[in-house]
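Participant: See protein_15.txt below, with compact mmCIF, C-alpha atoms.
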```txt
# COMPACT_ATOMS: atom_id res chain seq x y z
CA MET A 725 -12.49 -2.98 -17.60
CA ASN A 726 -11.96 -4.08 -14.01
CA GLU A 727 -13.54 -2.12 -11.20
CA PHE A 728 -10.50 -2.32 -8.90
CA TYR A 729 -6.73 -2.32 -9.06
CA TYR A 730 -4.64 -4.34 -6.60
CA LEU A 731 -1.22 -3.34 -5.31
CA ASP A 732 1.40 -5.16 -3.26
CA ILE A 733 2.98 -2.35 -1.22
CA SER A 734 5.93 -2.36 1.21
CA LEU A 735 6.63 0.33 3.77
CA LYS A 736 10.31 1.15 4.18
CA LEU A 737 11.04 2.90 7.48
CA ALA A 738 14.15 4.69 8.73
CA ASP A 739 13.42 3.47 12.29
CA GLU A 740 11.07 1.11 14.12
CA PRO A 741 7.57 2.57 14.72
CA ASP A 742 5.74 2.31 18.04
CA GLN A 743 3.11 0.09 16.46
CA LEU A 744 2.72 -1.15 12.92
CA LEU A 745 -0.93 -2.07 12.54
CA PRO A 746 -3.06 -2.28 9.39
CA VAL A 747 -5.18 0.63 10.59
CA PHE A 748 -2.10 2.90 10.84
CA PHE A 749 -0.85 1.72 7.44
CA LYS A 750 -4.21 2.53 5.84
CA SER A 751 -4.44 5.84 7.68
CA CYS A 752 -1.04 6.88 6.33
CA LEU A 753 -2.15 6.07 2.77
CA GLU A 754 -5.41 8.00 3.20
CA ARG A 755 -3.61 11.04 4.67
CA SER A 756 -1.31 11.06 1.64
CA LEU A 757 -4.32 11.04 -0.70
CA ILE A 758 -5.91 13.94 1.18
CA LYS A 759 -2.65 15.90 1.27
CA ILE A 760 -2.02 15.53 -2.47
CA PHE A 761 -5.55 15.49 -3.92
CA GLY A 762 -7.63 17.22 -1.26
CA GLU A 763 -11.22 16.29 -0.55
CA ILE A 764 -11.57 14.12 -3.66
CA GLY A 765 -8.55 12.07 -2.60
CA GLY A 766 -10.03 11.63 0.85
CA GLN A 767 -13.21 10.16 -0.57
CA THR A 768 -11.35 7.38 -2.35
CA THR A 769 -11.94 3.88 -1.00
CA VAL A 770 -8.71 2.18 0.05
CA ASP A 771 -9.00 -1.39 1.31
CA ILE A 772 -6.27 -3.42 3.00
CA LEU A 773 -6.92 -7.01 1.92
CA LYS A 774 -3.87 -8.59 3.55
CA PHE A 775 -1.27 -7.21 5.94
CA ASP A 776 2.08 -8.73 6.87
CA THR A 777 3.38 -6.94 9.98
CA PRO A 778 6.92 -8.45 10.12
CA ARG A 779 7.61 -7.41 6.52
CA ALA A 780 5.57 -4.16 6.69
CA ARG A 781 3.80 -5.22 3.52
CA ALA A 782 0.17 -5.10 2.40
CA VAL A 783 -2.12 -5.97 -0.47
CA VAL A 784 -4.26 -2.92 -1.16
CA ARG A 785 -7.34 -2.49 -3.35
CA VAL A 786 -8.27 0.86 -4.91
CA PRO A 787 -10.81 1.85 -7.57
CA SER A 788 -9.23 1.45 -11.00
CA ASP A 789 -10.14 5.00 -12.05
CA PHE A 790 -8.05 6.33 -9.12
CA TYR A 791 -5.09 3.96 -9.54
CA VAL A 792 -2.66 6.49 -11.05
CA LYS A 793 -3.46 9.12 -8.43
CA PHE A 794 -3.04 6.54 -5.66
CA ARG A 795 0.41 5.60 -6.97
CA ALA A 796 1.37 9.27 -7.08
CA ALA A 797 0.21 9.82 -3.51
CA THR A 798 2.12 6.79 -2.21
CA SER A 799 5.31 7.86 -3.93
CA LEU A 800 5.10 11.29 -2.28
CA THR A 801 4.59 9.94 1.25
CA GLY A 802 7.55 10.81 3.45
CA GLU A 803 6.44 10.12 7.02
CA PHE A 804 4.82 7.33 9.05
CA GLN A 805 4.10 8.13 12.72
CA GLY A 806 6.79 10.83 12.62
CA ILE A 807 9.40 8.46 11.14
CA PRO A 808 10.85 9.12 7.66
CA CYS A 809 9.57 6.50 5.24
CA ASN A 810 8.67 5.64 1.70
CA PHE A 811 6.27 3.18 0.09
CA VAL A 812 7.47 0.73 -2.53
CA VAL A 813 4.98 -0.81 -4.95
CA ASN A 814 6.25 -4.36 -5.46
CA LYS A 815 3.51 -5.39 -7.89
CA ALA A 816 0.30 -3.95 -9.29
CA SER A 817 -2.42 -5.66 -11.27
CA PRO A 818 -6.06 -5.27 -12.27
CA VAL A 819 -6.47 -8.94 -11.27
CA LEU A 820 -5.82 -10.05 -7.68
CA LEU A 821 -4.29 -13.32 -8.87
CA GLY A 822 -1.59 -11.25 -10.60
CA LEU A 823 -0.06 -10.48 -7.19
CA VAL A 824 0.68 -14.09 -6.33
CA GLU A 825 4.18 -14.24 -4.93
CA THR A 826 6.38 -16.96 -6.33
CA HIS A 827 8.60 -19.10 -4.15
CA LEU A 828 11.75 -17.32 -5.38
CA GLU A 829 10.31 -13.83 -4.79
CA TYR A 830 9.35 -14.71 -1.22
CA PHE A 831 12.89 -15.76 -0.28
CA LYS A 832 14.46 -12.84 -2.12
CA SER A 833 12.44 -10.35 -0.04
CA ASN A 834 13.37 -11.94 3.32
```
Spit out the file's structure as structure tokens when you get a sec.
Facilitator:
Amino acid sequence: MNEFYYLDISLKLADEPDQLLPVFFKSCLERSLIKIFGEIGGQTTVDILKFDTPRARAVVRVPSDFYVKFRAATSLTGEFQGIPCNFVVNKASPVLLGLVETHLEYFKSN
């Protein structure tokens, strides 16, 4: 079994935020984990491996034993810097190579 799970996540916002930085993106994910799962959720390691500011999209790594809880927490997130939002998981895989974006997928998302 793999130690980590990798997710390609997009942030859909109702309005433009003041700043969209990887640290704010990660902080929003971590707050969701704490809000839903308490102290145990807050102790989960969440790593941003790649961040695309123009598309508000990131590749995130979480421990595989916390993958399902992480997906639940992201689906229940409703706010980013006071702006209504939701996270969309575009792809998820236990292997990082599984998130490779094909040429057609890249142009479809733009």
Participant: Please list as a PyMOL selection string every residue within 10 Å of region 775-786 of chain A, counting all atoms listed in the file and excluding residues in the same chain fewer than 6 positions away.
Facilitator: chain A and resi 727-737+743-747+749-750+768-769+794+811-818+820+823+833-834
Participant: Counting all atoms listed in the file, which residue out of A:Lys774, A:Pro741, A:Thr801, A:Gly822 sits closest to Glu754 (chain A)?
Facilitator: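 Selected residue with least distance to Glu754 (chain A): A:Thr801.
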Participant: Just to confirm, what's the straight-line distance from CA of Phe804 (chain A) to CA of Phe790 (chain A) in Å (one decimal)?
Facilitator: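 CA of Phe790 (chain A) lies at a distance of 22.3 Å from CA of Phe804 (chain A).
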Participant: Using only C-alpha atoms, which residue out of A:Ala738, A:Gln767, A:Ser756, A:Phe748 lies closest to Ala796 (chain A)?
Facilitator: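 The answer is A:Ser756, which sits nearest to Ala796 (chain A).
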Participant: CA of Ile807 (chain A) to CA of Asp739 (chain A): how many Å, to one decimal?
Facilitator: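 Value for the CA of Ile807 (chain A)-CA of Asp739 (chain A) distance: 6.5 Å.
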Participant: Identify which of the residues A:Asp771, A:Glu763, A:Pro808, A:Leu821 lies closest to Ser751 (chain A), counting all atoms listed in the file when measuring atom-to-atom distances.
Facilitator: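 Ranking A:Asp771, A:Glu763, A:Pro808, A:Leu821 by distance to Ser751 (chain A), first place goes to A:Asp771.
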Participant: Nearest residue to Pro787 (chain A) out of A:Ile760, A:Val770, A:Val819, A:Cys809, using all atoms listed in the file?
Facilitator: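 For Pro787 (chain A), the nearest of the candidates is A:Val770.
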